[in-house]
>>> print(open('work-v5.cif').read())   # mmCIF, C-alpha atoms
data_entry
#
loop_
_atom_site.label_atom_id
_atom_site.label_comp_id
_atom_site.auth_asym_id
_atom_site.auth_seq_id
_atom_site.Cartn_x
_atom_site.Cartn_y
_atom_site.Cartn_z
CA MET N 1206 36.17 3.36 14.31
CA ASN N 1207 34.26 3.15 11.05
CA VAL N 1208 33.12 0.51 8.58
CA SER N 1209 36.27 0.80 6.49
CA SER N 1210 38.45 -0.20 9.44
CA THR N 1211 36.68 -3.52 10.02
CA SER N 1212 38.02 -6.70 8.46
CA ASP N 1213 36.51 -8.72 5.60
CA ILE N 1214 36.12 -11.63 7.99
CA GLU N 1215 33.90 -9.58 10.31
CA ILE N 1216 31.77 -8.31 7.41
CA THR N 1217 31.29 -11.90 6.19
CA LEU N 1218 30.15 -12.94 9.65
CA TRP N 1219 27.70 -10.05 9.85
CA ARG N 1220 26.07 -11.10 6.58
CA THR N 1221 25.04 -14.41 8.15
CA TRP N 1222 23.47 -12.81 11.25
CA ALA N 1223 20.33 -10.80 11.96
CA LEU N 1224 22.78 -8.20 13.26
CA THR N 1225 23.49 -7.26 9.64
CA VAL N 1226 20.29 -5.21 9.26
CA THR N 1227 20.88 -3.69 12.69
CA HIS N 1228 24.35 -2.56 11.59
CA GLU N 1229 22.88 -0.98 8.42
CA ALA N 1230 20.31 0.88 10.53
CA CYS N 1231 23.07 2.04 12.87
CA GLU N 1232 25.22 3.35 10.01
CA TYR N 1233 22.27 5.23 8.52
CA THR N 1234 21.36 6.76 11.89
CA LYS N 1235 24.94 7.81 12.63
CA GLN N 1236 25.45 9.36 9.18
CA LYS N 1237 22.09 11.18 9.30
CA PHE N 1238 22.86 12.48 12.80
CA ASN N 1239 26.23 13.84 11.64
CA ALA N 1240 24.64 15.40 8.53
CA GLU N 1241 21.92 17.09 10.62
CA LYS N 1242 24.52 18.29 13.12
CA THR N 1243 26.86 19.80 10.54
CA GLY N 1244 24.41 20.79 7.80
CA GLY N 1245 25.76 18.15 5.44
CA ASP N 1246 24.17 16.51 2.41
CA PRO N 1247 21.06 14.32 2.75
CA VAL N 1248 21.71 10.67 3.63
CA ILE N 1249 20.12 7.91 1.55
CA PRO N 1250 19.17 4.80 3.57
CA SER N 1251 20.31 1.34 2.53
CA PRO N 1252 17.79 -0.63 0.41
CA LYS N 1253 18.16 -3.40 3.02
CA LEU N 1254 16.13 -1.28 5.47
CA ASP N 1255 12.32 -1.38 5.25
CA THR N 1256 10.22 1.77 5.35
CA ASP N 1257 9.10 1.36 8.97
CA LEU N 1258 12.66 0.97 10.22
CA VAL N 1259 13.85 4.00 8.22
CA MET N 1260 11.03 6.11 9.65
CA ALA N 1261 11.91 4.96 13.16
CA CYS N 1262 15.57 5.88 12.60
CA ASP N 1263 14.55 9.31 11.27
CA GLN N 1264 12.44 9.89 14.37
CA LEU N 1265 15.36 8.77 16.54
CA VAL N 1266 17.74 11.21 14.81
CA ASP N 1267 15.28 14.08 15.34
CA ARG N 1268 15.28 13.43 19.10
CA LEU N 1269 19.04 12.85 19.24
CA ILE N 1270 19.69 16.20 17.55
CA LYS N 1271 17.32 18.00 19.92
CA ALA N 1272 19.06 16.37 22.91
CA TYR N 1273 22.50 17.22 21.50
CA LYS N 1274 21.50 20.88 21.23
CA ASN N 1275 20.23 20.95 24.81
CA PRO N 1276 23.14 19.97 27.11
CA ILE N 1277 22.55 20.28 30.86
CA GLN N 1278 25.84 20.69 32.72
CA MET N 1279 26.16 19.35 36.27
CA GLN N 1280 28.89 19.95 38.87
CA ILE N 1281 29.14 16.27 39.76
CA ASN N 1282 32.13 14.21 38.55
CA ILE N 1283 30.56 10.94 37.47
CA ALA N 1284 33.82 8.95 37.51
CA ARG N 1285 34.45 9.86 41.15
CA TYR N 1286 30.81 9.32 42.06
CA SER N 1287 30.79 5.84 40.51
CA LYS N 1288 33.69 4.84 42.77
CA LEU N 1289 31.68 5.80 45.86
CA ILE N 1290 28.67 3.59 45.16
CA SER N 1291 28.35 -0.20 45.28
CA PRO N 1292 25.70 -2.81 44.40
CA LYS N 1293 24.50 -2.48 48.00
CA ASP N 1294 23.40 1.12 47.34
CA THR N 1295 19.74 0.54 46.46
CA GLY N 1296 18.68 4.18 46.69
CA HIS N 1297 16.28 3.45 49.56
CA ASN N 1298 18.63 4.41 52.40
CA GLU N 1299 17.87 8.12 52.88
CA GLU N 1300 20.83 8.73 55.19
CA ARG N 1301 23.21 7.14 52.68
CA GLU N 1302 21.69 9.14 49.79
CA GLU N 1303 22.09 12.41 51.72
CA LYS N 1304 25.76 11.66 52.36
CA LEU N 1305 26.31 10.93 48.66
CA LEU N 1306 24.64 14.23 47.74
CA GLU N 1307 26.87 16.09 50.20
CA ARG N 1308 29.96 14.38 48.81
CA CYS N 1309 28.96 14.88 45.16
CA PRO N 1310 26.46 17.77 44.89
CA PRO N 1311 24.75 18.13 41.48
CA GLY N 1312 25.10 21.93 41.50
CA HIS N 1313 21.51 23.06 41.97
CA GLU N 1314 18.92 23.12 44.75
CA GLY N 1315 15.82 20.94 44.70
CA THR N 1316 14.66 18.59 41.96
CA LYS N 1317 14.37 19.81 38.38
CA LEU N 1318 11.85 18.28 35.99
CA VAL N 1319 13.24 17.76 32.47
CA GLU N 1320 10.50 17.49 29.82
CA ILE N 1321 12.32 18.00 26.50
CA PRO N 1322 15.20 16.05 24.88
CA ALA N 1323 18.51 16.71 26.61
CA THR N 1324 21.98 15.38 27.33
CA ILE N 1325 23.10 15.40 30.97
CA LEU N 1326 26.81 16.18 31.32
CA ASP N 1327 29.08 15.99 34.36
CA ALA N 1328 31.71 18.57 35.32
CA SER N 1329 34.18 17.10 32.81
CA SER N 1330 31.55 17.00 30.03
CA ALA N 1331 31.25 13.22 30.20
CA ILE N 1332 27.72 12.21 29.22
CA ILE N 1333 25.74 10.78 32.13
CA ALA N 1334 22.48 10.30 30.22
CA TRP N 1335 20.63 11.07 27.01
CA TYR N 1336 16.96 11.90 27.52
CA LEU N 1337 14.84 11.18 24.40
CA PRO N 1338 11.09 11.45 25.18
CA ASP N 1339 8.62 10.26 22.52
CA VAL N 1340 11.38 8.84 20.37
CA LEU N 1341 9.08 6.01 19.27
CA THR N 1342 5.59 7.34 19.96
CA ASP N 1343 5.07 10.54 17.95
CA ALA N 1344 4.69 8.96 14.51
CA THR N 1345 1.50 6.86 14.37
CA GLN N 1346 2.84 4.30 11.87
CA ILE N 1347 6.04 3.70 13.86
CA LYS N 1348 4.11 3.48 17.12
CA TRP N 1349 1.65 0.93 15.72
CA CYS N 1350 4.36 -1.23 14.14
CA LEU N 1351 6.60 -1.33 17.22
CA GLN N 1352 3.75 -1.84 19.67
CA LYS N 1353 2.55 -4.79 17.59
CA GLU N 1354 6.01 -6.39 17.65
CA ILE N 1355 6.61 -5.70 21.35
CA TRP N 1356 3.18 -7.10 22.20
CA ALA N 1357 3.87 -10.23 20.12
CA ALA N 1358 7.19 -10.81 21.87
CA SER N 1359 5.61 -10.27 25.29
CA ASP N 1360 2.89 -12.78 24.43
CA LEU N 1361 5.50 -15.40 23.49
CA LEU N 1362 7.29 -14.75 26.80
CA ALA N 1363 4.09 -15.04 28.89
CA PRO N 1364 4.79 -18.53 30.36
CA MET N 1365 8.26 -17.47 31.55
CA LEU N 1366 7.04 -14.09 32.80
CA GLU N 1367 4.39 -15.82 34.91
CA LYS N 1368 6.98 -18.11 36.53
CA SER N 1369 9.35 -15.23 37.26
CA VAL N 1370 7.16 -13.48 39.86
CA LYS N 1371 7.70 -14.74 43.43
CA VAL N 1372 6.39 -13.73 46.84
CA ASP N 1373 9.95 -13.54 48.16
CA GLY N 1374 11.55 -12.44 44.88
CA ASN N 1375 14.31 -9.85 44.54
CA TRP N 1376 13.78 -6.21 43.59
CA ARG N 1377 13.08 -7.24 39.97
CA THR N 1378 10.73 -10.17 40.56
CA ASN N 1379 9.00 -9.50 43.88
CA GLN N 1380 5.24 -10.01 43.60
CA GLY N 1381 4.61 -6.68 45.32
CA TRP N 1382 5.87 -4.75 42.28
CA PHE N 1383 3.36 -6.26 39.84
CA ASN N 1384 -0.38 -5.88 39.27
CA PRO N 1385 -2.73 -7.86 37.02
CA SER N 1386 -3.14 -6.47 33.50
CA SER N 1387 -5.83 -3.83 33.07
CA GLU N 1388 -6.61 -5.21 29.60
CA ASN N 1389 -8.46 -8.42 30.58
CA ASP N 1390 -5.26 -10.27 31.42
CA ALA N 1391 -3.84 -9.56 27.95
CA LEU N 1392 -0.41 -8.97 29.47
CA THR N 1393 1.37 -11.32 31.86
CA PRO N 1394 3.23 -9.52 34.69
CA GLY N 1395 6.84 -10.53 35.27
CA CYS N 1396 10.52 -9.78 34.67
CA ILE N 1397 13.01 -11.97 32.80
CA ASN N 1398 16.38 -11.68 31.06
CA LEU N 1399 17.10 -12.60 27.45
CA SER N 1400 20.75 -13.20 26.63
CA PRO N 1401 22.74 -15.24 24.08
CA ALA N 1402 25.58 -15.49 26.64
CA TRP N 1403 24.79 -15.57 30.35
CA PHE N 1404 26.87 -16.70 33.32
CA GLN N 1405 25.13 -18.72 36.01
CA GLN N 1406 25.08 -16.85 39.33
CA GLY N 1407 28.41 -17.20 41.12
CA HIS N 1408 30.16 -18.64 38.03
CA GLU N 1409 31.25 -15.49 36.20
CA ASN N 1410 34.42 -16.21 34.22
CA GLN N 1411 34.81 -19.55 36.00
CA SER N 1412 33.15 -21.47 33.17
CA ASP N 1413 31.72 -20.85 29.71
CA PRO N 1414 28.55 -18.73 29.52
CA GLU N 1415 25.23 -20.23 28.49
CA VAL N 1416 22.19 -19.07 26.57
CA SER N 1417 19.66 -17.74 29.10
CA ALA N 1418 16.90 -20.18 30.06
CA SER N 1419 14.30 -17.88 28.46
CA LEU N 1420 15.85 -18.55 25.03
CA LYS N 1421 16.29 -22.32 25.30
CA GLY N 1422 12.65 -23.14 24.48
CA ALA N 1423 10.95 -23.92 21.18
CA SER N 1424 9.80 -20.29 20.75
CA SER N 1425 13.26 -18.70 21.00
CA GLU N 1426 13.58 -17.98 17.26
CA LYS N 1427 10.13 -16.38 17.15
CA ILE N 1428 10.95 -14.27 20.21
CA LEU N 1429 14.21 -12.98 18.72
CA LYS N 1430 12.55 -12.17 15.40
CA ALA N 1431 9.78 -10.28 17.23
CA ILE N 1432 12.24 -8.02 19.07
CA ALA N 1433 14.56 -7.48 16.09
CA ARG N 1434 13.24 -4.04 15.05
CA PRO N 1435 13.08 -2.50 18.56
CA ALA N 1436 16.57 -3.94 19.19
CA ALA N 1437 17.87 -2.36 15.98
CA ILE N 1438 16.55 1.06 17.05
CA ALA N 1439 18.06 0.76 20.54
CA THR N 1440 21.40 -0.25 19.02
CA ALA N 1441 21.25 2.60 16.49
CA ALA N 1442 20.85 5.01 19.40
CA LEU N 1443 23.92 3.48 21.06
CA LYS N 1444 25.93 4.00 17.84
CA VAL N 1445 25.40 7.76 18.24
CA MET N 1446 25.48 7.98 22.03
CA HIS N 1447 28.54 5.84 22.69
CA PRO N 1448 30.33 4.62 19.51
CA GLU N 1449 33.08 2.84 21.48
CA GLN N 1450 30.50 0.82 23.40
CA TYR N 1451 28.76 -0.03 20.14
CA TRP N 1452 31.93 -1.43 18.58
CA ALA N 1453 32.78 -3.23 21.83
CA GLY N 1454 29.41 -4.96 21.61
CA LEU N 1455 30.06 -6.09 18.03
CA ARG N 1456 33.54 -7.37 18.93
CA ALA N 1457 32.03 -9.31 21.82
CA PHE N 1458 29.52 -10.89 19.41
CA MET N 1459 32.30 -11.88 17.02
CA SER N 1460 34.30 -13.46 19.83
CA LEU N 1461 31.27 -15.26 21.27
CA GLY N 1462 30.44 -16.63 17.83
CA GLU N 1463 33.93 -18.05 17.43
CA LYS N 1464 33.94 -19.56 20.94
CA ALA N 1465 30.45 -21.01 20.47
CA GLU N 1466 31.64 -22.81 17.32
CA SER N 1467 35.02 -23.99 18.60
CA LYS N 1468 33.72 -25.12 22.02
CA GLU N 1469 30.36 -26.33 20.68
CA LEU N 1470 28.46 -24.34 23.32
CA PRO N 1471 24.82 -25.56 23.36
CA LYS N 1472 22.40 -23.41 21.29
CA MET N 1473 24.62 -20.31 21.40
CA SER N 1474 25.50 -20.26 17.68
CA GLU N 1475 21.83 -20.53 16.68
CA THR N 1476 20.80 -17.81 19.13
CA LEU N 1477 23.50 -15.42 17.93
CA GLN N 1478 22.28 -15.82 14.34
CA TYR N 1479 18.90 -14.33 15.22
CA TRP N 1480 20.05 -11.76 17.79
CA ALA N 1481 19.75 -8.13 16.69
CA SER N 1482 20.76 -6.56 19.87
CA GLY N 1483 0.94 -0.53 26.88
CA ASN N 1484 -0.29 3.01 27.51
CA TYR N 1485 0.19 4.59 30.92
CA SER N 1486 0.04 8.06 32.43
CA ASN N 1487 2.11 10.41 34.59
CA ALA N 1488 5.19 8.18 34.41
CA ARG N 1489 8.50 9.62 35.58
CA MET N 1490 12.03 8.45 36.13
CA SER N 1491 14.04 9.98 38.97
CA MET N 1492 17.82 10.28 39.29
CA PRO N 1493 18.24 11.31 42.94
CA SER N 1494 22.02 11.68 42.76
CA LEU N 1495 21.56 14.39 40.10
CA GLN N 1496 18.37 15.88 41.59
CA LEU N 1497 16.72 15.48 38.20
CA GLU N 1498 13.40 13.97 37.24
CA PHE N 1499 12.25 12.95 33.77
CA ARG N 1500 8.82 12.34 32.29
CA LEU N 1501 9.67 8.88 31.12
CA VAL N 1502 8.99 5.19 31.59
CA ARG N 1503 8.81 4.60 35.35
CA HIS N 1504 12.04 3.24 36.79
CA GLY N 1505 10.90 1.85 40.10
CA VAL N 1506 10.16 5.18 41.78
CA HIS N 1507 6.73 6.61 40.98
CA ALA N 1508 3.51 4.59 40.71
CA VAL N 1509 1.69 4.63 37.35
CA GLU N 1510 -1.78 3.74 36.11
CA GLY N 1511 -2.41 1.25 33.32
CA ASP N 1512 -0.08 -1.31 31.73
CA GLN N 1513 3.61 -0.90 31.03
CA ILE N 1514 6.01 -3.01 29.01
CA ALA N 1515 9.59 -1.98 29.77
CA TRP N 1516 12.58 -3.34 27.87
CA ALA N 1517 16.12 -2.49 28.99
CA TRP N 1518 19.22 -3.29 26.93
CA TYR N 1519 22.50 -3.60 28.77
CA MET N 1520 25.92 -5.22 28.45
CA ARG N 1521 27.57 -7.34 31.14
CA ASP N 1522 31.23 -6.57 31.75
CA SER N 1523 31.89 -10.22 32.68
CA VAL N 1524 30.82 -11.33 29.18
CA HIS N 1525 33.13 -8.75 27.59
CA VAL N 1526 35.97 -9.99 29.82
CA TYR N 1527 35.25 -13.56 28.64
CA ALA N 1528 35.21 -12.34 25.02
CA GLY N 1529 38.51 -10.45 25.49
CA VAL N 1530 36.97 -7.02 24.80
CA PRO N 1531 38.49 -4.05 26.69
CA SER N 1532 36.31 -1.82 28.85
CA CYS N 1533 35.10 1.49 27.39
CA GLY N 1534 35.31 4.85 29.09
CA TRP N 1535 32.58 7.42 29.58
CA ALA N 1536 30.87 8.70 26.45
CA ARG N 1537 31.60 12.22 25.23
CA VAL N 1538 30.23 14.38 22.44
CA ASN N 1539 32.02 17.28 20.78
CA TYR N 1540 29.81 20.31 21.51
CA ARG N 1541 31.95 22.78 19.58
CA ARG N 1542 29.89 24.56 16.93
#
>>> encode(input="work-v5.cif", output="structure tokens")
Amino acid sequence: MNVSSTSDIEITLWRTWALTVTHEACEYTKQKFNAEKTGGDPVIPSPKLDTDLVMACDQLVDRLIKAYKNPIQMQINIARYSKLISPKDTGHNEEREEKLLERCPPGHEGTKLVEIPATILDASSAIIAWYLPDVLTDATQIKWCLQKEIWAASDLLAPMLEKSVKVDGNWRTNQGWFNPSSENDALTPGCINLSPAWFQQGHENQSDPEVSASLKGASSEKILKAIARPAAIATAALKVMHPEQYWAGLRAFMSLGEKAESKELPKMSETLQYWASGNYSNARMSMPSLQLEFRLVRHGVHAVEGDQIAWAWYMRDSVHVYAGVPSCGWARVNYRR
């Protein structure tokens, strides 16, 4: 799908939302990626994009191209593997993990450390993961700008982050996973969710979604404005990595906007208008099912030193079901030269 296939109504809606700039950044990133991939003409960014965002998109494209040119093929079939696992598979049951490896072997012995940009493909060439190290940290100006915005957002979220940590919390909020900040308590440990449409636990598709509690306070607009640029970059990456998922996300936003207006859902319309979708060392992320390990932001496996702010963007299928948006398949990239 491309811009020309969208309706005038959708474009009008976008112009009233913060998502407009995000969409412009996504279009620029996608076009520049395609031009770099095929040797096409230079791409001129939209005047709506500021210099810092353009530089961040250029850095993103550089890493995307390097990853595209470095595919790592696995023997595992990710569709079959996904049917074998359930939410109860935490990755901590060694016997269970060994059985999964026997059932779906990755195709190599031992654990391989991946240190350069790469795409991880399954046996059918479906993309399991894109690995993009240093996508936001190589250019000093980009790094400074984004760190400033991420720090500002984290500071605004401090009261909610503090309340989120519990002695008997789940795997995201258990007190044992957090340490005091090493920068004189400059960062507040914790884990929260930000969402313009969130189902209460046990009520998925049984009632209308709500704005998450973290965005119902007086600082919600400031929080959303602070994360707008990092969100735009993450969404621009999605536009290249999985275009169908990108468009599914936009359709879900359109549907949620209409439902929020027609049903007068508390605070959802206002939240949607502003939604744009620390240093540490020796951090790695492990994917045991693939026997791969990445030098990356820690993902609950290896201990790290120093402070870490980790943001994860994801879509909930239940919200897409509510919005009437079909499910997307696995992402694929044409690797023919």
>>> resolve_selection(input="work-v5.cif", expression="the PyMOL selection byres ((chain N and resi 1362) around 9)", output="ChimeraX atom specification")
/N:1357-1361,1363-1367,1393,1397,1419,1424,1428
>>> resolve_selection(input="work-v5.cif", expression="the PyMOL selection byres ((chain N and resi 1308) around 12)", output="list in words")
Gln1280, Ile1281, Asn1282, Ile1283, Arg1285, Tyr1286, Ser1287, Lys1288, Leu1289, Ile1290, Arg1301, Glu1302, Glu1303, Lys1304, Leu1305, Leu1306, Glu1307, Cys1309, Pro1310, Pro1311, Gly1312 and Ser1494 of chain N
>>> resolve_selection(input="work-v5.cif", expression="the PyMOL selection byres ((chain N and resi 1448-1458) around 9)", output="PyMOL selection string")
chain N and resi 1206+1215+1224+1440-1441+1443-1447+1459-1463+1477+1482+1520+1524-1534+1536
>>> write_last_selection(input="work-v5.cif", atoms="C-alpha atoms", output="PDB file, in the coordinates of the input")
ATOM      1  CA  MET N1206      36.170   3.360  14.310  1.00  0.00           C
ATOM      2  CA  GLU N1215      33.900  -9.580  10.310  1.00  0.00           C
ATOM      3  CA  LEU N1224      22.780  -8.200  13.260  1.00  0.00           C
ATOM      4  CA  THR N1440      21.400  -0.250  19.020  1.00  0.00           C
ATOM      5  CA  ALA N1441      21.250   2.600  16.490  1.00  0.00           C
ATOM      6  CA  LEU N1443      23.920   3.480  21.060  1.00  0.00           C
ATOM      7  CA  LYS N1444      25.930   4.000  17.840  1.00  0.00           C
ATOM      8  CA  VAL N1445      25.400   7.760  18.240  1.00  0.00           C
ATOM      9  CA  MET N1446      25.480   7.980  22.030  1.00  0.00           C
ATOM     10  CA  HIS N1447      28.540   5.840  22.690  1.00  0.00           C
ATOM     11  CA  MET N1459      32.300 -11.880  17.020  1.00  0.00           C
ATOM     12  CA  SER N1460      34.300 -13.460  19.830  1.00  0.00           C
ATOM     13  CA  LEU N1461      31.270 -15.260  21.270  1.00  0.00           C
ATOM     14  CA  GLY N1462      30.440 -16.630  17.830  1.00  0.00           C
ATOM     15  CA  GLU N1463      33.930 -18.050  17.430  1.00  0.00           C
ATOM     16  CA  LEU N1477      23.500 -15.420  17.930  1.00  0.00           C
ATOM     17  CA  SER N1482      20.760  -6.560  19.870  1.00  0.00           C
ATOM     18  CA  MET N1520      25.920  -5.220  28.450  1.00  0.00           C
ATOM     19  CA  VAL N1524      30.820 -11.330  29.180  1.00  0.00           C
ATOM     20  CA  HIS N1525      33.130  -8.750  27.590  1.00  0.00           C
ATOM     21  CA  VAL N1526      35.970  -9.990  29.820  1.00  0.00           C
ATOM     22  CA  TYR N1527      35.250 -13.560  28.640  1.00  0.00           C
ATOM     23  CA  ALA N1528      35.210 -12.340  25.020  1.00  0.00           C
ATOM     24  CA  GLY N1529      38.510 -10.450  25.490  1.00  0.00           C
ATOM     25  CA  VAL N1530      36.970  -7.020  24.800  1.00  0.00           C
ATOM     26  CA  PRO N1531      38.490  -4.050  26.690  1.00  0.00           C
ATOM     27  CA  SER N1532      36.310  -1.820  28.850  1.00  0.00           C
ATOM     28  CA  CYS N1533      35.100   1.490  27.390  1.00  0.00           C
ATOM     29  CA  GLY N1534      35.310   4.850  29.090  1.00  0.00           C
ATOM     30  CA  ALA N1536      30.870   8.700  26.450  1.00  0.00           C
TER      31      ALA N1536
END
>>> atom_distance(input="work-v5.cif", atom1="CA of Arg1377 (chain N)", atom2="CA of Glu1426 (chain N)")
25.1 Å
>>> closest_residue(input="work-v5.cif", among="N:Ile1438, N:Trp1535, N:Lys1242, N:Gln1380", to="Asp1257 (chain N)", atoms="only C-alpha atoms")
N:Ile1438
>>> atom_distance(input="work-v5.cif", atom1="CA of Ala1334 (chain N)", atom2="CA of Asp1512 (chain N)")
25.4 Å
>>> atom_distance(input="work-v5.cif", atom1="CA of Asn1275 (chain N)", atom2="CA of Arg1537 (chain N)")
14.3 Å
>>> axis_aligned_box(input="work-v5.cif", around="region 1254-1266 of chain N", padding_each_side="3 Å", output="JSON")
{"center_x": 13.4, "center_y": 4.9, "center_z": 10.9, "size_x": 14.6, "size_y": 18.6, "size_z": 17.3}
>>> residues_around(input="work-v5.cif", residues="Ala1436 (chain N)", least_positions_apart="6", cutoff="10 Å", atoms="all atoms listed in the file", output="MDAnalysis selection string")
chainID N and resid 1224 1227 1429:1430 1442 1480:1482 1516:1518
>>> residues_around(input="work-v5.cif", residues="Pro1276 (chain N)", least_positions_apart="4", cutoff="12 Å", atoms="only C-alpha atoms", output="list in words")
Leu1269, Ile1270, Lys1271, Ala1272, Val1319, Ile1321, Pro1322, Ala1323, Thr1324, Ile1325, Leu1326, Asp1327, Ala1328, Ser1330, Ala1331, Ile1332, Ile1333, Ala1334, Trp1335, Tyr1336, Arg1537, Val1538, Asn1539, Tyr1540 and Arg1541 of chain N
>>> closest_residue(input="work-v5.cif", among="N:Ile1277, N:Ala1423, N:Met1260, N:Ala1433", to="Glu1354 (chain N)", atoms="all atoms listed in the file")
N:Ala1433
>>> residues_around(input="work-v5.cif", residues="Tyr1233 (chain N)", least_positions_apart="2", cutoff="10 Å", atoms="all atoms listed in the file", output="list in words")
Thr1227, His1228, Glu1229, Ala1230, Cys1231, Lys1235, Gln1236, Lys1237, Phe1238, Asn1239, Val1248, Ile1249, Pro1250, Ser1251, Leu1254, Val1259, Cys1262, Asp1263, Val1266 and Ala1441 of chain N
>>> closest_residue(input="work-v5.cif", among="N:Ser1467, N:His1313, N:Leu1420, N:Gln1513", to="Pro1394 (chain N)", atoms="all atoms listed in the file")
N:Gln1513
>>> decode(input="work-v5.cif", residues="region 1420-1431 of chain N", atoms="N, CA and C atoms", output="PDB file, in the first residue's frame")
ATOM      1  N   LEU N1420      -1.497   7.803  31.282  1.00  0.00           N
ATOM      2  CA  LEU N1420      -1.755   8.949  30.407  1.00  0.00           C
ATOM      3  C   LEU N1420      -3.036   9.690  30.780  1.00  0.00           C
ATOM      4  N   LYS N1421      -3.552   9.445  31.963  1.00  0.00           N
ATOM      5  CA  LYS N1421      -4.772  10.122  32.405  1.00  0.00           C
ATOM      6  C   LYS N1421      -4.473  11.331  33.282  1.00  0.00           C
ATOM      7  N   GLY N1422      -3.195  11.538  33.625  1.00  0.00           N
ATOM      8  CA  GLY N1422      -2.822  12.639  34.508  1.00  0.00           C
ATOM      9  C   GLY N1422      -2.639  13.956  33.779  1.00  0.00           C
ATOM     10  N   ALA N1423      -2.302  14.982  34.546  1.00  0.00           N
ATOM     11  CA  ALA N1423      -2.148  16.331  33.997  1.00  0.00           C
ATOM     12  C   ALA N1423      -0.944  16.454  33.067  1.00  0.00           C
ATOM     13  N   SER N1424       0.030  15.547  33.196  1.00  0.00           N
ATOM     14  CA  SER N1424       1.261  15.644  32.396  1.00  0.00           C
ATOM     15  C   SER N1424       1.210  14.831  31.108  1.00  0.00           C
ATOM     16  N   SER N1425       0.064  14.245  30.783  1.00  0.00           N
ATOM     17  CA  SER N1425      -0.010  13.341  29.633  1.00  0.00           C
ATOM     18  C   SER N1425       0.408  14.008  28.326  1.00  0.00           C
ATOM     19  N   GLU N1426      -0.025  15.247  28.090  1.00  0.00           N
ATOM     20  CA  GLU N1426       0.340  15.929  26.842  1.00  0.00           C
ATOM     21  C   GLU N1426       1.835  16.164  26.768  1.00  0.00           C
ATOM     22  N   LYS N1427       2.447  16.561  27.887  1.00  0.00           N
ATOM     23  CA  LYS N1427       3.891  16.783  27.904  1.00  0.00           C
ATOM     24  C   LYS N1427       4.648  15.478  27.661  1.00  0.00           C
ATOM     25  N   ILE N1428       4.145  14.385  28.234  1.00  0.00           N
ATOM     26  CA  ILE N1428       4.796  13.082  28.059  1.00  0.00           C
ATOM     27  C   ILE N1428       4.783  12.676  26.589  1.00  0.00           C
ATOM     28  N   LEU N1429       3.614  12.804  25.950  1.00  0.00           N
ATOM     29  CA  LEU N1429       3.477  12.392  24.550  1.00  0.00           C
ATOM     30  C   LEU N1429       4.320  13.265  23.624  1.00  0.00           C
ATOM     31  N   LYS N1430       4.417  14.549  23.936  1.00  0.00           N
ATOM     32  CA  LYS N1430       5.258  15.426  23.121  1.00  0.00           C
ATOM     33  C   LYS N1430       6.736  15.077  23.291  1.00  0.00           C
ATOM     34  N   ALA N1431       7.120  14.656  24.503  1.00  0.00           N
ATOM     35  CA  ALA N1431       8.515  14.315  24.767  1.00  0.00           C
ATOM     36  C   ALA N1431       8.951  13.050  24.033  1.00  0.00           C
TER      37      ALA N1431
END
